[in-house]
file input.txt (compact mmCIF, C-alpha atoms)
# COMPACT_ATOMS: atom_id res chain seq x y z
CA MET A 1 -16.61 -16.44 6.21
CA LYS A 2 -13.87 -17.14 3.72
CA VAL A 3 -11.38 -14.25 3.79
CA MET A 4 -8.84 -15.28 1.14
CA GLY A 5 -8.94 -17.20 -2.12
CA LYS A 6 -11.57 -17.44 -4.82
CA ALA A 7 -15.14 -16.23 -4.02
CA SER A 8 -14.00 -14.72 -0.72
CA LEU A 9 -14.11 -11.37 1.07
CA SER A 10 -10.80 -10.38 -0.55
CA SER A 11 -12.15 -11.07 -4.05
CA PHE A 12 -15.19 -8.88 -3.21
CA VAL A 13 -12.87 -6.08 -2.01
CA THR A 14 -10.75 -6.59 -5.16
CA ALA A 15 -13.89 -5.98 -7.26
CA LEU A 16 -14.63 -2.77 -5.30
CA ILE A 17 -11.03 -1.57 -5.74
CA ASN A 18 -11.25 -2.35 -9.47
CA ILE A 19 -14.43 -0.24 -9.74
CA GLY A 20 -12.67 2.61 -7.88
CA TRP A 21 -9.59 2.29 -10.10
CA TYR A 22 -11.57 2.37 -13.34
CA GLY A 23 -13.69 5.26 -12.00
CA ALA A 24 -10.54 7.23 -11.17
CA MET A 25 -9.16 6.42 -14.62
CA ILE A 26 -12.31 7.77 -16.33
CA LEU A 27 -12.20 10.94 -14.18
CA LEU A 28 -8.50 11.34 -14.96
CA GLY A 29 -9.23 11.02 -18.69
CA LEU A 30 -12.01 13.61 -18.44
CA SER A 31 -9.72 15.94 -16.47
CA VAL A 32 -7.00 15.65 -19.11
CA CYS A 33 -9.62 16.44 -21.80
CA LEU A 34 -10.78 19.45 -19.76
CA LEU A 35 -7.16 20.64 -19.43
CA ALA A 36 -6.73 20.26 -23.19
CA ILE A 37 -9.77 22.45 -23.93
CA THR A 38 -8.95 25.06 -21.24
CA PRO A 39 -7.56 27.58 -23.80
CA TRP A 40 -11.02 27.65 -25.42
CA VAL A 41 -12.99 27.88 -22.17
CA ASP A 42 -14.31 31.37 -21.56
CA PRO A 43 -14.77 31.40 -17.75
CA PRO A 44 -17.22 34.32 -17.49
CA ARG A 45 -19.53 32.68 -20.05
CA VAL A 46 -18.99 29.01 -19.24
CA GLU A 47 -19.85 28.10 -15.65
CA VAL A 48 -16.88 26.27 -14.12
CA GLY A 49 -17.43 25.21 -10.50
CA PHE A 50 -14.50 26.13 -8.27
CA ALA A 51 -14.38 25.36 -4.53
CA VAL A 52 -11.91 26.86 -2.09
CA PRO A 53 -11.77 25.40 1.41
CA ALA A 54 -12.58 28.02 4.02
CA ALA A 55 -12.27 28.03 7.79
CA PHE A 56 -14.02 30.78 9.68
CA ARG A 57 -15.14 32.12 12.99
CA ILE A 58 -18.51 33.82 13.45
CA GLU A 59 -18.25 37.11 15.29
CA PRO A 60 -20.32 36.80 18.50
CA GLU A 61 -21.04 40.57 18.39
CA THR A 62 -23.02 40.33 15.15
CA HIS A 63 -24.29 36.75 15.43
CA ARG A 64 -25.26 36.04 18.99
CA VAL A 65 -25.76 32.42 19.92
CA THR A 66 -28.40 31.93 22.57
CA ALA A 67 -29.45 28.89 24.53
CA SER A 68 -32.50 30.06 26.41
CA PRO A 69 -33.50 26.82 28.19
CA PHE A 70 -30.13 26.56 29.94
CA GLY A 71 -29.40 30.24 30.51
CA VAL A 72 -25.78 29.95 29.33
CA GLU A 73 -23.86 32.98 28.04
CA ASN A 74 -20.85 33.76 25.83
CA VAL A 75 -21.48 30.92 23.40
CA HIS A 76 -19.06 30.87 20.45
CA LEU A 77 -19.29 28.86 17.25
CA GLU A 78 -15.74 27.59 16.65
CA ASN A 79 -13.74 25.44 14.20
CA THR A 80 -16.29 25.99 11.45
CA GLN A 81 -15.33 24.90 7.97
CA GLY A 82 -16.83 24.91 4.53
CA SER A 83 -16.15 25.65 0.89
CA LEU A 84 -16.45 28.87 -1.06
CA ARG A 85 -17.93 27.88 -4.40
CA PHE A 86 -17.69 30.27 -7.32
CA SER A 87 -16.80 30.56 -11.00
CA PRO A 88 -13.26 31.79 -11.59
CA ARG A 89 -12.71 34.65 -14.01
CA SER A 90 -9.46 33.49 -15.63
CA ARG A 91 -8.40 30.52 -17.71
CA VAL A 92 -5.21 30.19 -15.63
CA ALA A 93 -7.28 29.55 -12.48
CA VAL A 94 -9.33 26.89 -14.29
CA ALA A 95 -6.18 25.24 -15.67
CA GLY A 96 -4.49 25.35 -12.23
CA THR A 97 -7.49 23.68 -10.61
CA VAL A 98 -7.57 20.96 -13.27
CA VAL A 99 -3.80 20.34 -12.84
CA VAL A 100 -4.29 19.88 -9.07
CA LEU A 101 -7.25 17.56 -9.78
CA ILE A 102 -5.14 15.52 -12.22
CA ALA A 103 -2.33 15.21 -9.66
CA VAL A 104 -4.78 14.07 -6.94
CA LEU A 105 -6.47 11.55 -9.29
CA ALA A 106 -3.07 10.23 -10.41
CA LEU A 107 -2.07 9.69 -6.75
CA ILE A 108 -5.40 7.96 -6.01
CA MET A 109 -4.99 5.73 -9.10
CA TRP A 110 -1.45 4.84 -8.11
CA VAL A 111 -2.49 3.90 -4.55
CA LEU A 112 -5.46 1.89 -5.87
CA GLY A 113 -3.11 0.19 -8.35
CA GLN A 114 -0.88 -0.92 -5.48
CA LEU A 115 -3.94 -2.10 -3.52
CA ARG A 116 -5.24 -4.00 -6.57
CA ALA A 117 -1.96 -5.85 -6.87
CA VAL A 118 -1.98 -6.74 -3.14
CA PHE A 119 -5.59 -7.92 -3.22
CA ARG A 120 -5.00 -9.97 -6.37
CA THR A 121 -2.46 -12.02 -4.41
CA LEU A 122 -4.96 -12.35 -1.53
CA SER A 123 -7.67 -13.53 -3.93
CA ALA A 124 -5.18 -16.04 -5.32
CA GLY A 125 -4.62 -17.27 -1.74
CA LYS A 126 -0.93 -16.34 -1.70
CA PRO A 127 -0.51 -13.19 0.40
CA PHE A 128 3.16 -13.66 1.27
CA VAL A 129 4.91 -12.59 -1.90
CA ALA A 130 7.97 -10.36 -1.69
CA ALA A 131 6.40 -7.55 -3.74
CA ASN A 132 3.48 -7.13 -1.30
CA ALA A 133 5.66 -5.72 1.49
CA THR A 134 7.01 -3.11 -0.93
CA ARG A 135 3.50 -2.31 -2.21
CA ILE A 136 2.09 -1.92 1.31
CA ARG A 137 5.04 0.28 2.29
CA ARG A 138 4.37 2.49 -0.77
CA ILE A 139 0.71 2.77 0.29
CA GLY A 140 1.83 3.84 3.79
CA TYR A 141 4.08 6.56 2.37
CA ALA A 142 1.29 7.65 0.00
CA VAL A 143 -1.19 7.98 2.90
CA ILE A 144 1.28 10.17 4.85
CA PHE A 145 2.28 12.17 1.76
CA GLY A 146 -1.35 12.54 0.65
CA GLU A 147 -2.40 13.86 4.07
CA ILE A 148 0.48 16.39 4.10
CA VAL A 149 -0.47 17.54 0.58
CA ARG A 150 -4.17 17.73 1.54
CA ALA A 151 -3.38 19.79 4.66
CA THR A 152 -1.09 22.07 2.61
CA LEU A 153 -3.77 22.61 -0.05
CA ALA A 154 -6.35 23.26 2.68
CA TYR A 155 -4.02 25.82 4.25
CA VAL A 156 -3.39 27.52 0.89
CA GLY A 157 -7.16 27.55 0.25
CA THR A 158 -8.04 28.99 3.65
CA ARG A 159 -5.21 31.55 3.32
CA TYR A 160 -6.64 32.50 -0.10
CA ALA A 161 -10.10 32.88 1.48
CA THR A 162 -8.75 35.17 4.25
CA THR A 163 -7.00 37.34 1.64
CA TYR A 164 -9.69 37.75 -1.01
CA PHE A 165 -13.09 37.14 0.60
CA SER A 166 -15.05 38.83 3.30
CA ILE A 167 -18.48 38.30 4.82
CA GLN A 168 -19.92 40.64 7.39
CA GLY A 169 -19.82 39.07 10.83
CA VAL A 170 -17.62 36.19 9.66
CA ARG A 171 -13.86 36.16 10.13
CA PHE A 172 -11.97 33.86 7.76
CA GLU A 173 -9.00 32.03 9.27
CA ALA A 174 -6.06 30.20 7.69
CA ARG A 175 -5.71 26.73 9.26
CA ALA A 176 -3.28 23.89 8.52
CA ASP A 177 -5.68 21.26 9.94
CA LEU A 178 -3.32 18.27 9.64
CA ASN A 179 -5.22 15.04 10.33
CA VAL A 180 -3.03 13.28 12.88
CA VAL A 181 -5.15 10.11 12.66
CA ALA A 182 -4.34 9.80 8.93
CA ILE A 183 -0.62 10.22 9.65
CA ILE A 184 -0.81 7.56 12.39
CA CYS A 185 -2.68 5.26 9.96
CA GLY A 186 0.15 5.76 7.47
CA LEU A 187 2.72 4.86 10.14
CA ILE A 188 0.69 1.76 11.10
CA ILE A 189 0.61 0.72 7.42
CA LEU A 190 4.43 1.07 7.30
CA VAL A 191 4.69 -1.27 10.32
CA ILE A 192 2.25 -3.75 8.69
CA ALA A 193 4.45 -3.67 5.57
CA GLU A 194 7.42 -4.80 7.65
CA VAL A 195 5.29 -7.53 9.26
CA PHE A 196 4.46 -8.68 5.71
CA ARG A 197 8.15 -8.67 4.81
CA GLU A 198 8.91 -10.87 7.83
CA GLY A 199 5.94 -13.11 6.94
CA THR A 200 7.25 -13.47 3.40
CA ARG A 201 10.68 -14.44 4.74
CA LEU A 202 9.17 -17.05 7.06
CA ASP A 203 6.92 -18.39 4.29
CA GLU A 204 9.87 -18.71 1.93
CA GLU A 205 11.89 -20.47 4.63
CA GLN A 206 8.97 -22.79 5.32
CA SER A 207 8.60 -23.62 1.63
CA LEU A 208 12.33 -24.45 1.46
CA THR A 209 12.24 -26.63 4.56
CA VAL A 210 12.22 -30.26 3.48
CA MET B 1 24.97 -21.95 0.95
CA SER B 2 27.87 -23.68 2.76
CA ILE B 3 26.06 -26.91 3.62
CA HIS B 4 25.78 -29.23 0.62
CA VAL B 5 23.58 -32.30 0.33
CA LYS B 6 25.49 -35.11 -1.36
CA LEU B 7 22.42 -36.82 -2.73
CA ASP B 8 23.82 -37.36 -6.24
CA HIS B 9 26.54 -39.77 -5.18
CA LEU B 10 24.34 -41.69 -2.78
CA LEU B 11 21.57 -42.10 -5.38
CA LEU B 12 24.13 -43.30 -7.92
CA ASP B 13 25.64 -45.78 -5.46
CA ARG B 14 22.21 -47.13 -4.44
CA ARG B 15 20.99 -47.13 -8.09
CA LEU B 16 17.91 -45.11 -7.12
CA THR B 17 16.07 -42.44 -9.04
CA LEU B 18 14.80 -39.21 -7.49
CA THR B 19 11.21 -40.37 -7.94
CA GLU B 20 11.85 -43.68 -6.22
CA LEU B 21 13.53 -41.96 -3.28
CA ALA B 22 10.66 -39.48 -2.99
CA ASP B 23 8.16 -42.38 -2.92
CA ARG B 24 10.13 -44.29 -0.28
CA ILE B 25 10.59 -41.40 2.15
CA GLY B 26 7.10 -39.99 1.55
CA ILE B 27 7.90 -36.46 0.40
CA THR B 28 7.18 -34.79 -2.91
CA ILE B 29 9.63 -35.01 -5.78
CA ALA B 30 9.74 -31.20 -5.74
CA ASN B 31 11.09 -31.28 -2.19
CA VAL B 32 13.67 -33.96 -3.02
CA SER B 33 14.72 -31.80 -5.94
CA ILE B 34 15.12 -28.80 -3.58
CA LEU B 35 17.42 -30.99 -1.45
CA LYS B 36 19.39 -32.28 -4.43
CA THR B 37 19.96 -28.83 -5.90
CA ASN B 38 21.06 -27.45 -2.51
CA LYS B 39 18.25 -24.89 -2.39
CA ALA B 40 16.90 -26.15 0.95
CA ARG B 41 17.06 -23.75 3.89
CA ALA B 42 16.41 -26.45 6.51
CA VAL B 43 15.96 -30.21 6.79
CA ARG B 44 13.54 -31.75 9.30
CA PHE B 45 14.92 -34.52 11.53
CA SER B 46 12.10 -36.75 10.27
CA THR B 47 13.22 -36.22 6.65
CA LEU B 48 16.87 -36.77 7.57
CA GLU B 49 15.94 -39.96 9.41
CA ALA B 50 13.94 -41.24 6.42
CA LEU B 51 16.78 -40.41 4.04
CA CYS B 52 19.34 -42.23 6.24
CA ARG B 53 17.02 -45.22 6.55
CA GLU B 54 16.33 -45.56 2.82
CA LEU B 55 19.87 -44.78 1.69
CA ASP B 56 21.40 -46.81 4.52
CA CYS B 57 23.79 -44.07 5.54
CA GLN B 58 24.67 -41.68 8.35
CA PRO B 59 23.70 -37.94 8.37
CA GLY B 60 27.38 -37.16 7.88
CA ASP B 61 27.35 -39.13 4.60
CA LEU B 62 24.55 -36.88 3.34
CA LEU B 63 25.72 -33.45 4.48
CA GLU B 64 28.98 -31.69 3.81
CA TRP B 65 30.20 -28.26 4.87
CA ARG B 66 32.18 -26.32 2.24
CA ARG B 67 33.96 -23.03 2.74
CA ASP B 68 32.29 -20.33 0.62
CA GLU B 69 34.38 -19.03 -2.26
CA PRO B 70 35.34 -15.40 -1.61
CA THR B 71 33.61 -13.22 -4.19
CA GLY B 72 36.39 -11.08 -5.64
CA ARG B 73 36.29 -8.60 -8.50

call {"tool": "encode", "arguments": {"input": "input.txt", "output": "structure tokens"}}
result
Amino acid sequence: MKVMGKASLSSFVTALINIGWYGAMILLGLSVCLLAITPWVDPPRVEVGFAVPAAFRIEPETHRVTASPFGVENVHLENTQGSLRFSPRSRVAVAGTVVVLIAVLALIMWVLGQLRAVFRTLSAGKPFVAANATRIRRIGYAVIFGEIVRATLAYVGTRYATTYFSIQGVRFEARADLNVVAIICGLIILVIAEVFREGTRLDEEQSLTV
Amino acid sequence: MSIHVKLDHLLLDRRLTLTELADRIGITIANVSILKTNKARAVRFSTLEALCRELDCQPGDLLEWRRDEPTGR
């Protein structure tokens, strides 16, 4: 299978990234339009979906878990997660949500833009260009930064859920839930960026060896 | 770059053009141009040998070390 150059795997991935980039651009445009009309949105009358991440523990006293075939006892349902979906009652909440959505979409578009540029060089069959190392390093930082932001937002959401919501027999918990695998992936991408930089240096040296 | 390739003088002495030299030593004119303009990072022994053979010279006639000019304000 041809990996680089025209009509190769990289050109197929480039097409997928392009679709993702244009999709994110359309969503970003719609979000900006939504933000612009927020002053005229009347939340109690217009249904605006709003999801807050929630982590919870089910009280074993009210919700007993049984496993009759095995005869086990003291079973607990742990690390449960979900979303609390509701319609907010204020325009500020709607606007705040849209601002967060715009920021997330802008970050996704920026990362996809960097990926597009990298994959364009792969499709052209010239991966070792100086800018690629910088682009890949930016992607690595974005993955780490994005995961930290996601974990922070999840913590804020779960903290919000513990403060303002209650369900009988369910105890909401605030969790940071940082995805270590995503952070490690970001660090690996940073290392790959440096490998690219070294590859670019060697390629340039090779091209200037007569 | 401190190492300079003195191709200009040798080509003038031998009454050869860049294209002719490239044809004789079997490398592209782009590569000969890289040599001539002192942009080369390295020269293969095979290229050096071909250059010496076609220009009838020694490696020392082709290469020259020059002290870099200090970059002052």

call {"tool": "interface_residues", "arguments": {"input": "input.txt", "of": "chain A", "to": "chain B", "cutoff": "6 Å", "atoms": "all atoms listed in the file", "output": "MDAnalysis selection string"}}
result
chainID A and resid 208:210

call {"tool": "residues_around", "arguments": {"input": "input.txt", "residues": "segment 152-155 of chain A", "least_positions_apart": "3", "cutoff": "9 Å", "atoms": "all atoms listed in the file", "output": "JSON list (two decimals) with C-alpha atoms, in the frame of the given file"}}
result
[["chain", "number", "residue", "atom", "x", "y", "z"],
["A", 52, "VAL", "CA", -11.91, 26.86, -2.09],
["A", 53, "PRO", "CA", -11.77, 25.40, 1.41],
["A", 54, "ALA", "CA", -12.58, 28.02, 4.02],
["A", 147, "GLU", "CA", -2.40, 13.86, 4.07],
["A", 148, "ILE", "CA", 0.48, 16.39, 4.10],
["A", 149, "VAL", "CA", -0.47, 17.54, 0.58],
["A", 158, "THR", "CA", -8.04, 28.99, 3.65],
["A", 159, "ARG", "CA", -5.21, 31.55, 3.32],
["A", 160, "TYR", "CA", -6.64, 32.50, -0.10],
["A", 174, "ALA", "CA", -6.06, 30.20, 7.69],
["A", 175, "ARG", "CA", -5.71, 26.73, 9.26],
["A", 176, "ALA", "CA", -3.28, 23.89, 8.52],
["A", 177, "ASP", "CA", -5.68, 21.26, 9.94],
["A", 178, "LEU", "CA", -3.32, 18.27, 9.64]]

call {"tool": "residues_around", "arguments": {"input": "input.txt", "residues": "Thr80 of chain A", "least_positions_apart": "5", "cutoff": "10 Å", "atoms": "only C-alpha atoms", "output": "MDAnalysis selection string"}}
result
chainID A and resid 54:58 172:173

call {"tool": "write_last_selection", "arguments": {"input": "input.txt", "atoms": "C-alpha atoms", "output": "JSON list (two decimals), in the frame of the given file"}}
result
[["chain", "number", "residue", "atom", "x", "y", "z"],
["A", 54, "ALA", "CA", -12.58, 28.02, 4.02],
["A", 55, "ALA", "CA", -12.27, 28.03, 7.79],
["A", 56, "PHE", "CA", -14.02, 30.78, 9.68],
["A", 57, "ARG", "CA", -15.14, 32.12, 12.99],
["A", 58, "ILE", "CA", -18.51, 33.82, 13.45],
["A", 172, "PHE", "CA", -11.97, 33.86, 7.76],
["A", 173, "GLU", "CA", -9.00, 32.03, 9.27]]

call {"tool": "closest_residue", "arguments": {"input": "input.txt", "among": "A:Met25, A:Val3, A:Val170, A:Val191", "to": "Gly113 of chain A", "atoms": "only C-alpha atoms"}}
result
A:Met25

call {"tool": "residues_near_point", "arguments": {"input": "input.txt", "point": "(8.8, -46.2, 3.6)", "cutoff": "8 Å", "atoms": "all atoms listed in the file", "output": "VMD selection string"}}
result
chain B and resid 23 to 26 50 54
